[in-house]
>>> print(open('target_7.tsv').read())   # TSV, C-alpha atoms
chain	number	residue	atom	x	y	z
A	76	MET	CA	111.81	33.64	117.70
A	77	GLN	CA	110.13	36.96	116.91
A	78	HIS	CA	108.20	38.88	119.50
A	79	SER	CA	105.31	41.11	118.43
A	80	SER	CA	105.09	44.48	120.09
A	81	SER	CA	102.61	44.64	122.92
A	82	PRO	CA	99.59	46.98	122.91
A	83	LEU	CA	101.07	48.77	125.92
A	84	SER	CA	104.28	49.46	123.98
A	85	SER	CA	102.33	50.79	121.00
A	86	LEU	CA	100.25	53.00	123.27
A	87	SER	CA	103.39	54.36	124.91
A	88	SER	CA	104.97	55.10	121.53
A	89	SER	CA	101.83	56.92	120.35
A	90	SER	CA	101.79	58.98	123.55
A	91	VAL	CA	105.40	60.04	122.99
A	92	LEU	CA	104.66	61.06	119.40
A	93	LEU	CA	101.60	63.03	120.52
A	94	LYS	CA	103.67	64.89	123.14
A	95	GLN	CA	106.33	65.68	120.53
A	96	ASP	CA	103.67	66.99	118.15
A	97	LEU	CA	102.13	69.17	120.85
A	98	LEU	CA	105.56	70.52	121.78
A	99	LEU	CA	106.49	71.43	118.20
A	100	ARG	CA	103.14	73.04	117.53
A	101	SER	CA	103.17	74.91	120.82
A	102	LEU	CA	106.62	76.28	119.98
A	103	ALA	CA	105.38	77.87	116.76
A	104	PHE	CA	102.21	79.24	118.38
A	105	THR	CA	104.20	80.62	121.33
A	106	VAL	CA	106.20	82.75	118.90
A	107	VAL	CA	102.94	84.17	117.55
A	108	TYR	CA	101.38	84.84	120.95
A	109	ALA	CA	104.56	86.36	122.41
A	110	THR	CA	104.92	88.72	119.43
A	111	VAL	CA	101.30	89.87	119.64
A	112	ILE	CA	101.65	90.42	123.40
A	113	PHE	CA	104.88	92.40	122.91
A	114	VAL	CA	103.25	94.73	120.37
A	115	LEU	CA	100.15	95.12	122.56
A	116	ASN	CA	102.26	95.92	125.63
A	117	ASN	CA	104.25	98.43	123.59
A	118	PHE	CA	101.01	100.29	122.92
A	119	LEU	CA	99.99	100.07	126.59
A	120	ASN	CA	103.40	101.32	127.75
A	121	PHE	CA	103.74	104.41	125.58
A	122	TRP	CA	100.21	105.37	124.56
A	123	ALA	CA	98.11	104.19	127.52
A	124	LEU	CA	101.01	104.94	129.94
A	125	TRP	CA	101.00	101.60	131.72
A	126	PRO	CA	104.15	100.94	133.82
A	127	GLY	CA	105.54	98.08	131.71
A	128	ALA	CA	106.70	94.56	132.51
A	129	LEU	CA	110.41	95.43	132.79
A	130	ASN	CA	109.79	98.33	135.13
A	131	THR	CA	107.60	96.11	137.26
A	132	LEU	CA	110.21	93.36	137.52
A	133	GLY	CA	112.97	95.93	138.06
A	134	GLY	CA	111.25	97.46	141.07
A	135	GLU	CA	110.48	100.77	139.33
A	136	LEU	CA	106.79	100.38	140.07
A	137	PRO	CA	104.45	103.21	141.05
A	138	THR	CA	101.97	102.70	143.86
A	139	GLY	CA	98.23	102.39	143.51
A	140	PRO	CA	96.30	100.83	140.62
A	141	ALA	CA	99.33	101.11	138.31
A	142	ALA	CA	101.04	98.36	140.31
A	143	GLY	CA	98.33	95.90	139.32
A	144	LEU	CA	98.59	96.96	135.68
A	145	GLY	CA	102.33	96.31	135.71
A	146	TRP	CA	101.92	92.80	137.08
A	147	LEU	CA	99.17	92.17	134.55
A	148	GLN	CA	101.69	92.94	131.82
A	149	VAL	CA	104.22	90.56	133.39
A	150	LEU	CA	101.60	87.81	133.53
A	151	SER	CA	100.71	88.41	129.88
A	152	TYR	CA	104.18	87.20	128.84
A	153	VAL	CA	103.90	84.21	131.15
A	154	ALA	CA	100.54	83.44	129.58
A	155	ALA	CA	101.96	83.31	126.02
A	156	PRO	CA	103.18	79.67	126.12
A	157	ILE	CA	100.14	78.62	128.16
A	158	LEU	CA	97.75	80.13	125.61
A	159	ALA	CA	99.75	78.48	122.83
A	160	MET	CA	99.49	75.05	124.46
A	161	VAL	CA	95.75	75.44	125.07
A	162	HIS	CA	95.22	76.54	121.47
A	163	VAL	CA	97.27	73.65	120.11
A	164	PHE	CA	95.55	71.10	122.35
A	165	ARG	CA	92.14	72.22	121.11
A	166	LEU	CA	93.35	71.73	117.51
A	167	ARG	CA	95.30	68.54	118.18
A	168	THR	CA	93.41	66.65	115.45
A	169	GLU	CA	94.44	69.19	112.81
A	170	SER	CA	97.37	68.42	110.54
A	171	TYR	CA	100.50	70.58	110.55
A	172	GLN	CA	99.62	71.84	107.07
A	173	ASN	CA	96.15	72.96	108.17
A	174	LEU	CA	97.60	74.72	111.20
A	175	SER	CA	100.16	76.38	108.95
A	176	MET	CA	97.37	77.69	106.73
A	177	ARG	CA	95.49	79.00	109.77
A	178	VAL	CA	98.51	81.02	110.89
A	179	SER	CA	99.11	82.22	107.33
A	180	ASP	CA	95.56	83.56	107.30
A	181	TRP	CA	96.42	85.63	110.39
A	182	ALA	CA	99.41	87.11	108.59
A	183	ALA	CA	97.27	87.73	105.51
A	184	THR	CA	94.69	89.61	107.59
A	185	SER	CA	97.35	91.88	109.07
A	186	ILE	CA	98.70	92.62	105.59
A	187	LYS	CA	95.21	93.32	104.22
A	188	ALA	CA	94.61	95.77	107.05
A	189	ALA	CA	97.92	97.47	106.27
A	190	PHE	CA	97.04	97.74	102.57
A	191	TRP	CA	93.66	99.31	103.21
A	192	MET	CA	95.27	101.65	105.72
A	193	VAL	CA	97.84	103.00	103.24
A	194	LEU	CA	95.19	103.26	100.52
A	195	LEU	CA	92.65	105.17	102.62
A	196	VAL	CA	95.15	107.29	104.53
A	197	GLY	CA	97.13	108.05	101.38
A	198	MET	CA	94.10	109.24	99.42
A	199	ALA	CA	92.65	111.24	102.33
A	200	ASP	CA	95.93	112.90	103.30
A	201	MET	CA	96.71	113.75	99.67
A	202	LEU	CA	93.29	115.35	99.30
A	203	VAL	CA	93.69	117.43	102.47
A	204	SER	CA	97.16	118.57	101.38
A	205	PHE	CA	95.92	119.47	97.90
A	206	LEU	CA	92.99	121.49	99.25
A	207	ARG	CA	95.26	123.33	101.69
A	208	ILE	CA	97.72	124.28	98.96
A	209	GLU	CA	95.00	125.52	96.62
A	210	LEU	CA	93.28	127.42	99.47
A	211	MET	CA	90.09	125.44	98.98
A	212	LEU	CA	90.01	123.74	102.39
A	213	GLU	CA	88.89	126.74	104.44
A	214	PRO	CA	85.72	127.40	102.40
A	215	ILE	CA	84.78	123.74	102.88
A	216	VAL	CA	85.55	123.07	106.56
A	217	GLY	CA	86.09	126.55	108.03
A	218	ARG	CA	89.11	128.44	109.31
A	219	ASP	CA	89.46	126.71	112.67
A	220	LEU	CA	89.36	123.17	111.31
A	221	THR	CA	91.71	124.14	108.48
A	222	SER	CA	94.19	125.38	111.06
A	223	GLU	CA	93.85	122.16	113.08
A	224	LEU	CA	94.35	119.99	109.99
A	225	GLY	CA	97.69	121.71	109.52
A	226	LYS	CA	98.88	120.18	112.82
A	227	PRO	CA	100.34	116.66	112.51
A	228	LYS	CA	98.94	115.34	115.80
A	229	PHE	CA	95.42	116.53	114.99
A	230	ARG	CA	95.49	115.03	111.52
A	231	GLY	CA	96.92	111.80	112.88
A	232	ALA	CA	94.27	111.48	115.59
A	233	TYR	CA	91.19	112.61	113.64
A	234	VAL	CA	92.01	111.56	110.06
A	235	HIS	CA	94.59	108.77	110.07
A	236	LEU	CA	93.43	106.84	113.14
A	237	PRO	CA	89.74	106.53	112.15
A	238	LEU	CA	90.77	105.44	108.66
A	239	THR	CA	93.15	102.87	110.17
A	240	LEU	CA	90.31	101.41	112.25
A	241	LEU	CA	88.12	101.32	109.14
A	242	ALA	CA	90.94	99.52	107.31
A	243	CYS	CA	91.04	96.82	110.01
A	244	PHE	CA	87.28	96.33	109.69
A	245	ILE	CA	87.51	96.02	105.90
A	246	ALA	CA	90.40	93.54	106.21
A	247	ILE	CA	88.39	91.28	108.49
A	248	ARG	CA	85.33	91.38	106.25
A	249	SER	CA	87.03	91.19	102.85
A	250	LYS	CA	88.58	88.26	101.01
A	251	GLY	CA	91.91	88.17	99.22
A	252	LEU	CA	95.00	90.32	99.61
A	253	GLY	CA	94.40	93.84	98.37
A	254	PHE	CA	98.07	94.89	98.26
A	255	ILE	CA	98.43	93.29	94.80
A	256	TRP	CA	96.86	96.54	93.54
A	257	LEU	CA	99.62	98.66	95.04
A	258	PRO	CA	101.94	98.39	92.00
A	259	LEU	CA	99.15	99.79	89.80
A	260	LEU	CA	98.49	102.59	92.28
A	261	VAL	CA	102.19	103.48	92.36
A	262	VAL	CA	102.31	103.61	88.55
A	263	VAL	CA	99.18	105.76	88.38
A	264	ALA	CA	100.52	108.19	91.00
A	265	GLU	CA	103.86	108.46	89.21
A	266	PHE	CA	102.10	108.89	85.84
A	267	LEU	CA	100.08	111.79	87.24
A	268	ILE	CA	103.31	113.48	88.36
A	269	VAL	CA	104.71	113.19	84.83
A	270	ILE	CA	101.51	114.51	83.23
A	271	THR	CA	101.07	117.45	85.59
A	272	ARG	CA	104.77	118.39	85.53
A	273	PHE	CA	105.43	118.30	81.79
A	274	ILE	CA	102.04	119.28	80.44
A	275	PHE	CA	100.58	121.58	83.09
A	276	SER	CA	103.85	122.64	84.80
A	277	TYR	CA	102.30	121.74	88.15
A	278	GLU	CA	103.96	119.72	90.90
A	279	GLN	CA	103.61	119.70	94.67
A	280	ALA	CA	105.43	117.92	97.48
A	281	PHE	CA	102.44	115.76	98.41
A	282	MET	CA	102.54	114.08	94.97
A	283	GLY	CA	106.00	112.65	95.50
A	284	ASP	CA	105.14	111.80	99.11
A	285	LEU	CA	102.22	109.67	97.93
A	286	VAL	CA	104.44	107.68	95.55
A	287	ARG	CA	107.00	107.02	98.29
A	288	PHE	CA	104.25	106.14	100.76
A	289	TRP	CA	102.73	103.48	98.52
A	290	TYR	CA	106.06	102.27	97.16
A	291	ALA	CA	107.46	101.57	100.63
A	292	ALA	CA	104.26	99.78	101.60
A	293	LEU	CA	104.43	97.59	98.49
A	294	PHE	CA	107.85	96.13	99.31
A	295	LEU	CA	107.45	95.78	103.05
A	296	PHE	CA	103.91	94.38	103.07
A	297	ALA	CA	104.44	91.93	100.21
A	298	SER	CA	107.26	90.05	101.95
A	299	ALA	CA	105.11	87.79	104.12
A	300	ASN	CA	102.79	86.80	101.27
A	301	THR	CA	105.75	86.15	98.97
A	302	LEU	CA	107.14	83.80	101.60
A	303	LEU	CA	103.76	82.05	101.77
A	304	VAL	CA	103.76	81.23	98.05
A	305	GLU	CA	107.49	80.40	97.96
A	306	GLY	CA	108.15	83.47	95.83
A	307	HIS	CA	111.40	84.65	97.40
A	308	ILE	CA	114.50	84.04	95.27
A	309	ARG	CA	116.76	81.31	96.60
A	310	VAL	CA	120.35	80.45	95.84
A	311	ASP	CA	119.40	77.09	94.36
A	312	VAL	CA	122.85	75.66	93.69
A	313	ALA	CA	122.36	72.96	96.33
A	314	TYR	CA	118.86	73.40	97.81
A	315	THR	CA	116.88	72.05	94.85
A	316	HIS	CA	118.87	68.80	94.93
A	317	PHE	CA	118.06	68.11	98.59
A	318	LYS	CA	115.41	65.64	99.66
A	319	ALA	CA	112.16	67.05	101.09
A	320	ARG	CA	113.22	66.35	104.69
A	321	THR	CA	116.61	67.99	104.15
A	322	GLN	CA	114.93	71.05	102.62
A	323	SER	CA	112.67	71.25	105.66
A	324	TRP	CA	115.66	71.13	108.00
A	325	VAL	CA	117.32	73.91	106.01
A	326	ASN	CA	114.17	76.04	106.19
A	327	ILE	CA	113.67	75.42	109.92
A	328	PHE	CA	117.26	76.38	110.74
A	329	GLY	CA	117.08	79.36	108.37
A	330	VAL	CA	113.92	80.66	110.04
A	331	SER	CA	115.23	79.98	113.56
A	332	LEU	CA	118.75	81.40	113.09
A	333	LEU	CA	118.18	84.17	110.54
A	334	GLY	CA	114.54	85.07	109.89
A	335	LEU	CA	113.03	85.27	113.36
A	336	PRO	CA	116.11	86.88	115.00
A	337	LEU	CA	116.07	89.62	112.33
A	338	CYS	CA	112.39	90.37	112.93
A	339	PHE	CA	112.81	90.30	116.72
A	340	THR	CA	115.77	92.68	116.40
A	341	ILE	CA	113.65	95.14	114.41
A	342	LEU	CA	110.81	94.97	116.92
A	343	THR	CA	112.89	95.13	120.10
A	344	LEU	CA	115.39	97.79	119.00
A	345	GLY	CA	112.69	99.84	117.30
A	346	MET	CA	110.12	99.60	120.11
A	347	TRP	CA	112.17	99.21	123.30
A	348	ASP	CA	111.50	102.65	124.78
A	349	ARG	CA	110.14	106.08	123.89
A	350	THR	CA	113.32	107.13	122.08
A	351	SER	CA	113.63	104.00	119.92
A	352	SER	CA	113.69	104.37	116.16
A	353	ILE	CA	110.10	103.21	115.59
A	354	ASN	CA	108.39	104.46	118.76
A	355	SER	CA	109.85	107.96	118.69
A	356	PRO	CA	108.43	109.06	115.30
A	357	LEU	CA	105.09	107.40	116.07
A	358	LEU	CA	104.74	109.10	119.43
A	359	SER	CA	105.74	112.52	118.12
A	360	VAL	CA	103.80	112.12	114.83
A	361	GLU	CA	106.92	113.03	112.88
A	362	VAL	CA	106.33	114.56	109.44
A	363	SER	CA	108.55	115.77	106.61
A	364	GLN	CA	109.88	119.30	106.54
A	365	SER	CA	107.84	120.28	103.49
A	366	GLY	CA	104.99	122.15	105.12
A	367	TYR	CA	102.39	121.29	102.50
A	368	GLY	CA	103.44	117.71	101.90
A	369	MET	CA	101.67	114.65	103.26
A	370	TYR	CA	101.77	114.03	107.02
A	371	VAL	CA	102.58	110.33	106.75
A	372	LYS	CA	106.29	110.07	107.52
A	373	TYR	CA	105.61	108.61	110.97
A	374	ILE	CA	103.36	105.96	109.39
A	375	MET	CA	106.16	104.98	107.00
A	376	VAL	CA	108.39	104.36	110.02
A	377	GLY	CA	105.64	102.12	111.34
A	378	PHE	CA	105.89	100.07	108.13
A	379	LEU	CA	109.01	98.47	109.65
A	380	ALA	CA	107.00	97.21	112.61
A	381	ILE	CA	104.26	95.90	110.29
A	382	PHE	CA	106.89	94.16	108.18
A	383	ALA	CA	108.54	92.50	111.17
A	384	PHE	CA	105.21	91.55	112.76
A	385	SER	CA	103.74	89.99	109.61
A	386	MET	CA	106.99	88.16	108.86
A	387	VAL	CA	107.10	86.68	112.39
A	388	ILE	CA	103.57	85.35	111.92
A	389	GLN	CA	104.41	83.94	108.50
A	390	PHE	CA	107.69	82.45	109.73
A	391	SER	CA	105.70	80.66	112.45
A	392	SER	CA	103.43	79.28	109.74
A	393	TYR	CA	106.56	78.24	107.85
A	394	LEU	CA	107.84	76.36	110.91
A	395	LEU	CA	104.55	74.48	111.23
A	396	LYS	CA	104.62	73.59	107.57
A	397	HIS	CA	108.12	72.10	107.71
A	398	PHE	CA	107.63	70.48	111.10
A	399	GLY	CA	104.82	68.63	109.35
A	400	VAL	CA	107.14	67.45	106.60
A	401	LEU	CA	109.53	66.06	109.20
A	402	ARG	CA	106.56	64.27	110.79
A	403	GLY	CA	105.64	62.62	107.47
A	404	GLU	CA	103.13	65.08	106.00
A	405	THR	CA	103.28	66.45	102.47
A	406	ALA	CA	103.96	70.18	102.24
A	407	THR	CA	101.33	72.28	100.52
A	408	THR	CA	101.61	75.76	99.08
A	409	THR	CA	98.44	77.78	98.77
A	410	ALA	CA	98.63	80.94	96.71
A	411	LYS	CA	96.57	83.82	98.02
A	412	PRO	CA	94.51	85.86	95.53
>>> encode(input="target_7.tsv", output="structure tokens")
Amino acid sequence: MQHSSSPLSSLSSSSVLLKQDLLLRSLAFTVVYATVIFVLNNFLNFWALWPGALNTLGGELPTGPAAGLGWLQVLSYVAAPILAMVHVFRLRTESYQNLSMRVSDWAATSIKAAFWMVLLVGMADMLVSFLRIELMLEPIVGRDLTSELGKPKFRGAYVHLPLTLLACFIAIRSKGLGFIWLPLLVVVAEFLIVITRFIFSYEQAFMGDLVRFWYAALFLFASANTLLVEGHIRVDVAYTHFKARTQSWVNIFGVSLLGLPLCFTILTLGMWDRTSSINSPLLSVEVSQSGYGMYVKYIMVGFLAIFAFSMVIQFSSYLLKHFGVLRGETATTTAKP
């Protein structure tokens, strides 16, 4: 004699599935929130001179208002999973694939901002360097400002930073991923070097600096978008023969054991304290030794942080996408323009 399942049993099963979905989605969003909070706290620690979460927990806390700032930083990390759960609960009717695309859009925005930053900063810094070399800057802006523009910290604060903020605004307002134009820009910059060197016998340090600046940005910024459109080269000896669920398990374990740990290693080792490999050049506005080259070496070091940050966001999107496959959804791949 067969017994049909009771409505109470079906309701209980649906509740369990909903809790599992919320847990998986919250896990991916927690990675995003925690990474954003870490980068934000890094800025507050070393540029705004806040005490830091570790110093607060370790008892190295100054008195006065700074004590409250330290505990605020501690609470920000505690808030990461809570914010993730609230965000996921509000979007609980969304499919995994739609959530994955939402997170991918966040990564795309960060990459667009980085592209516009290297484009605007590269062109502006090259122009300043060119005018300084040819002694044309002083007649335009005056002796005092010319002298200040020869100082890395001044140029970083009053040329690079405003252009970076403008790049963020353009990235939010624009559509598509602008970095696809970087290969053309690199070719044009290299072509100009060839023309000026072999025809006009003219070459300056800033010309090679511009090529390296854009070339490094091309490879590091394109990684997250290439992951989005499944453009990275795989060793397909076995993977292509797996079923969709098996491929998703492979991707989830690959992201969890290899991708995310690599990005977290770059961020933590590079931004742990003032002397770390990423923070130190950024704080000191490190530039190359060629006096009339471009003052962008410290920004190129920051490319590593942008790479790791954008890859963490895209890896989180990747997790959502393949969690959805394991839950019975069909994976989708949306190519960005």
>>> residues_near_point(input="target_7.tsv", point="(107.3, 89.7, 109.2)", cutoff="9 Å", atoms="all atoms listed in the file", output="PyMOL selection string")
chain A and resi 182+295-296+298-299+334-335+338+379-390
>>> atom_distance(input="target_7.tsv", atom1="CA of Gly217 in chain A", atom2="CA of Ala199 in chain A")
17.6 Å
>>> residues_around(input="target_7.tsv", residues="Trp122 in chain A", least_positions_apart="6", cutoff="12 Å", atoms="all atoms listed in the file", output="VMD selection string")
chain A and resid 114 to 116 348 to 349 354 to 355 357 to 359
>>> atom_distance(input="target_7.tsv", atom1="CA of Ser276 in chain A", atom2="CA of Val261 in chain A")
20.7 Å
>>> atom_distance(input="target_7.tsv", atom1="CA of Ile353 in chain A", atom2="CA of Ile268 in chain A")
29.9 Å
>>> residues_near_point(input="target_7.tsv", point="(92.8, 110.8, 111.6)", cutoff="12 Å", atoms="only C-alpha atoms", output="PyMOL selection string")
chain A and resi 192+195-197+199-200+203+223-224+226-241+360+370-371+374
>>> closest_residue(input="target_7.tsv", among="A:Phe339, A:Phe266, A:Phe398, A:Phe275", to="Trp324 in chain A", atoms="all atoms listed in the file")
A:Phe398
>>> residues_around(input="target_7.tsv", residues="range 142-156 of chain A", least_positions_apart="4", cutoff="10 Å", atoms="all atoms listed in the file", output="ChimeraX atom specification")
/A:101-113,115-116,119-120,125-132,135-138,160-162
>>> residues_around(input="target_7.tsv", residues="Glu213 in chain A", least_positions_apart="6", cutoff="12 Å", atoms="only C-alpha atoms", output="MDAnalysis selection string")
chainID A and resid 203 206:207 219:225
>>> closest_residue(input="target_7.tsv", among="A:Val325, A:Ala280, A:Ile341, A:Val312", to="Ser363 in chain A", atoms="all atoms listed in the file")
A:Ala280
>>> axis_aligned_box(input="target_7.tsv", around="range 322-333 of chain A", padding_each_side="3 Å", output="AutoDock Vina command-line options")
--center_x 115.7 --center_y 77.6 --center_z 108.1 --size_x 12.1 --size_y 19.1 --size_z 16.9
>>> closest_residue(input="target_7.tsv", among="A:Glu265, A:Ile186, A:Asn326, A:Thr340", to="Phe294 in chain A", atoms="only C-alpha atoms")
A:Ile186
>>> residues_around(input="target_7.tsv", residues="Gly368 in chain A", least_positions_apart="3", cutoff="8 Å", atoms="only C-alpha atoms", output="ChimeraX atom specification")
/A:204,279-282,284,363,365
>>> build_atoms(input="target_7.tsv", residues="range 203-213 of chain A", atoms="all heavy atoms", output="short mmCIF file (atom, residue, chain, number, x, y, z; two decimals), in the coordinates of the input")
data_model
loop_
_atom_site.label_atom_id
_atom_site.label_comp_id
_atom_site.auth_asym_id
_atom_site.auth_seq_id
_atom_site.Cartn_x
_atom_site.Cartn_y
_atom_site.Cartn_z
N VAL A 203 93.59 116.32 101.52
CA VAL A 203 93.69 117.43 102.47
C VAL A 203 94.85 118.35 102.09
O VAL A 203 94.71 119.59 102.10
CB VAL A 203 93.87 116.90 103.90
CG1 VAL A 203 94.19 118.05 104.87
CG2 VAL A 203 92.61 116.17 104.36
N SER A 204 95.99 117.76 101.74
CA SER A 204 97.16 118.57 101.38
C SER A 204 96.89 119.39 100.12
O SER A 204 97.26 120.57 100.03
CB SER A 204 98.38 117.67 101.17
OG SER A 204 98.73 117.01 102.37
N PHE A 205 96.25 118.76 99.14
CA PHE A 205 95.92 119.47 97.90
C PHE A 205 94.98 120.65 98.17
O PHE A 205 95.19 121.76 97.68
CB PHE A 205 95.29 118.50 96.90
CG PHE A 205 94.70 119.18 95.69
CD1 PHE A 205 95.53 119.69 94.70
CD2 PHE A 205 93.31 119.31 95.54
CE1 PHE A 205 94.99 120.32 93.58
CE2 PHE A 205 92.78 119.95 94.44
CZ PHE A 205 93.61 120.45 93.45
N LEU A 206 93.94 120.42 98.96
CA LEU A 206 92.99 121.49 99.25
C LEU A 206 93.63 122.62 100.04
O LEU A 206 93.31 123.80 99.83
CB LEU A 206 91.79 120.92 100.01
CG LEU A 206 90.90 119.95 99.24
CD1 LEU A 206 89.82 119.38 100.14
CD2 LEU A 206 90.28 120.63 98.02
N ARG A 207 94.57 122.28 100.93
CA ARG A 207 95.26 123.33 101.69
C ARG A 207 96.12 124.20 100.77
O ARG A 207 96.14 125.42 100.87
CB ARG A 207 96.15 122.72 102.77
CG ARG A 207 95.40 122.18 103.98
CD ARG A 207 96.39 121.74 105.05
NE ARG A 207 97.08 122.87 105.64
CZ ARG A 207 98.36 122.89 105.99
NH1 ARG A 207 99.12 121.83 105.74
NH2 ARG A 207 98.89 123.94 106.55
N ILE A 208 96.83 123.54 99.87
CA ILE A 208 97.72 124.28 98.96
C ILE A 208 96.92 125.21 98.06
O ILE A 208 97.30 126.37 97.82
CB ILE A 208 98.55 123.29 98.11
CG1 ILE A 208 99.57 122.57 98.99
CG2 ILE A 208 99.26 124.00 96.97
CD1 ILE A 208 100.32 121.47 98.29
N GLU A 209 95.81 124.73 97.56
CA GLU A 209 95.00 125.52 96.62
C GLU A 209 94.01 126.44 97.33
O GLU A 209 93.14 127.03 96.67
CB GLU A 209 94.26 124.58 95.67
CG GLU A 209 95.16 123.67 94.85
CD GLU A 209 96.16 124.46 94.02
OE1 GLU A 209 95.79 125.55 93.53
OE2 GLU A 209 97.31 123.99 93.85
N LEU A 210 94.13 126.53 98.66
CA LEU A 210 93.28 127.42 99.47
C LEU A 210 91.79 127.10 99.31
O LEU A 210 90.93 128.00 99.38
CB LEU A 210 93.55 128.89 99.10
CG LEU A 210 95.01 129.35 99.23
CD1 LEU A 210 95.14 130.80 98.80
CD2 LEU A 210 95.52 129.13 100.63
N MET A 211 91.49 125.84 99.12
CA MET A 211 90.09 125.44 98.98
C MET A 211 89.56 124.74 100.24
O MET A 211 88.37 124.43 100.33
CB MET A 211 89.93 124.50 97.78
CG MET A 211 90.16 125.17 96.43
SD MET A 211 89.76 124.10 95.04
CE MET A 211 91.07 122.88 95.14
N LEU A 212 90.44 124.48 101.21
CA LEU A 212 90.01 123.74 102.39
C LEU A 212 89.18 124.61 103.33
O LEU A 212 88.18 124.15 103.88
CB LEU A 212 91.24 123.18 103.13
CG LEU A 212 90.96 122.22 104.27
CD1 LEU A 212 90.21 120.99 103.77
CD2 LEU A 212 92.26 121.79 104.94
N GLU A 213 89.60 125.86 103.50
CA GLU A 213 88.89 126.74 104.44
C GLU A 213 87.44 126.98 104.04
O GLU A 213 86.55 126.94 104.91
CB GLU A 213 89.64 128.06 104.57
CG GLU A 213 89.03 128.99 105.61
CD GLU A 213 89.89 130.23 105.85
OE1 GLU A 213 91.13 130.12 105.71
OE2 GLU A 213 89.31 131.29 106.17
#
